[in-house]
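Q: Pasting a structure below so you can have a look.
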Amino acid sequence: MRDRQPARGERRALEFEAFVAGAAGRLLHAATLLTAEAPDANPRARRLLTLALAHTYARWDRLRGEDPYDCARQYLATRFAHTTWHPHGAFGHARTGPRGPLAGLTPRERLVLVLRIYEGVAEEQTAALLGLPAERVHTICERATATVLHPARTASAVRAPAKAAPS
């Protein structure tokens, strides 16, 4: 009977290591997009990933058929949402200013866009996860997508129209 406990613990550790080897890269990329940090300088994203993986490991034996990736992604999203929407949140903006590809978006827009577009989570699931109506999630996603695809041009990028020569 005593021999089963170490074997179960070893099996659990090996299963979790295999999960991390397969999922950590994608989860880190999602966390980096959420925090709007540069991919090569992303300490907040790495902390967010560490918290999500620790939470998933703590629940590992209770998952019972649930997808551990969904568990980790859900924790990543809710932790990000809680810390960015909290007055003393740590994941909203970098101290030097966000520099990632989604830096022009608000934290909520980044969260919805990453869940809907990058992770492929259904609109209804995203709405339930964030406690928002599905219509609101749809609107946020459309606005964020438009902002990313058509960023506002700076004053230096806008040229004055050329004057037509008189005929």
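We name chains A, B, ... following the order of the structure tokens; residues begin at 1 in each chain, and ligands are numbered from 1 as shown.
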May I have the residues within 10 Å of Glu109 of chain A as number ranges by chain, using only C-alpha atoms and disregarding those fewer than 2 positions away in the same chain?
A: A: 34, 102, 104-107, 111-115, 137, 139-145, 147
Q: Output as a count of residues only all residues of segment 101-155 of chain A that backbone DSSP marks as alpha helix (DSSP H).
A: 31
Q: What's around segment 8-12 of chain A at 8 Å? Count only C-alpha atoms, leave out sequence neighbours fewer than 3 positions away in its own chain, and write the answer as a ChimeraX atom specification.
A: /A:4-5,15-16,60-61
Q: When distances are computed from only C-alpha atoms, which of A:Ala72, A:Gly120, A:Arg47, A:Ala7 shows the smallest separation from Arg59 of chain A?
A: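 Ranking A:Ala72, A:Gly120, A:Arg47, A:Ala7 by distance to Arg59 of chain A, first place goes to A:Ala72.
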Q: Hey, can you check how far atom CA of Tyr75 of chain A sits from atom CA of Ala52 of chain A?
A: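 Atom-to-atom, atom CA of Tyr75 of chain A to atom CA of Ala52 of chain A, that is 5.6 Å.
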Q: Kindly indicate which residue among A:Leu49, A:Leu63, A:Ala81, A:Leu130 lies nearest to Ala31 of chain A, using only C-alpha atoms for the distances.
A: A:Leu49
Q: Considering only C-alpha atoms, state which residue in the set A:Gly25, A:Phe19, A:Thr50, A:Tyr118 is at the smallest distance from Asp67 of chain A.
A: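 The answer is A:Phe19, which sits nearest to Asp67 of chain A.
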Q: Interatomic distance between atom CA of Leu51 of chain A and atom CA of Phe80 of chain A?
A: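 According to the coordinates, atom CA of Leu51 of chain A and atom CA of Phe80 of chain A are separated by 10.4 Å.
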Q: What does the distance between atom CA of Thr83 of chain A and atom CA of Ala18 of chain A come to in Å, to one decimal place?
A: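 About the pair atom CA of Thr83 of chain A and atom CA of Ala18 of chain A: they are 28.9 Å apart.
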Q: Given only C-alpha atoms as the basis, pick out the residue of A:Gly100, A:Glu123, A:Pro151, A:Tyr69 nearest to Asp40 of chain A.
A: A:Gly100
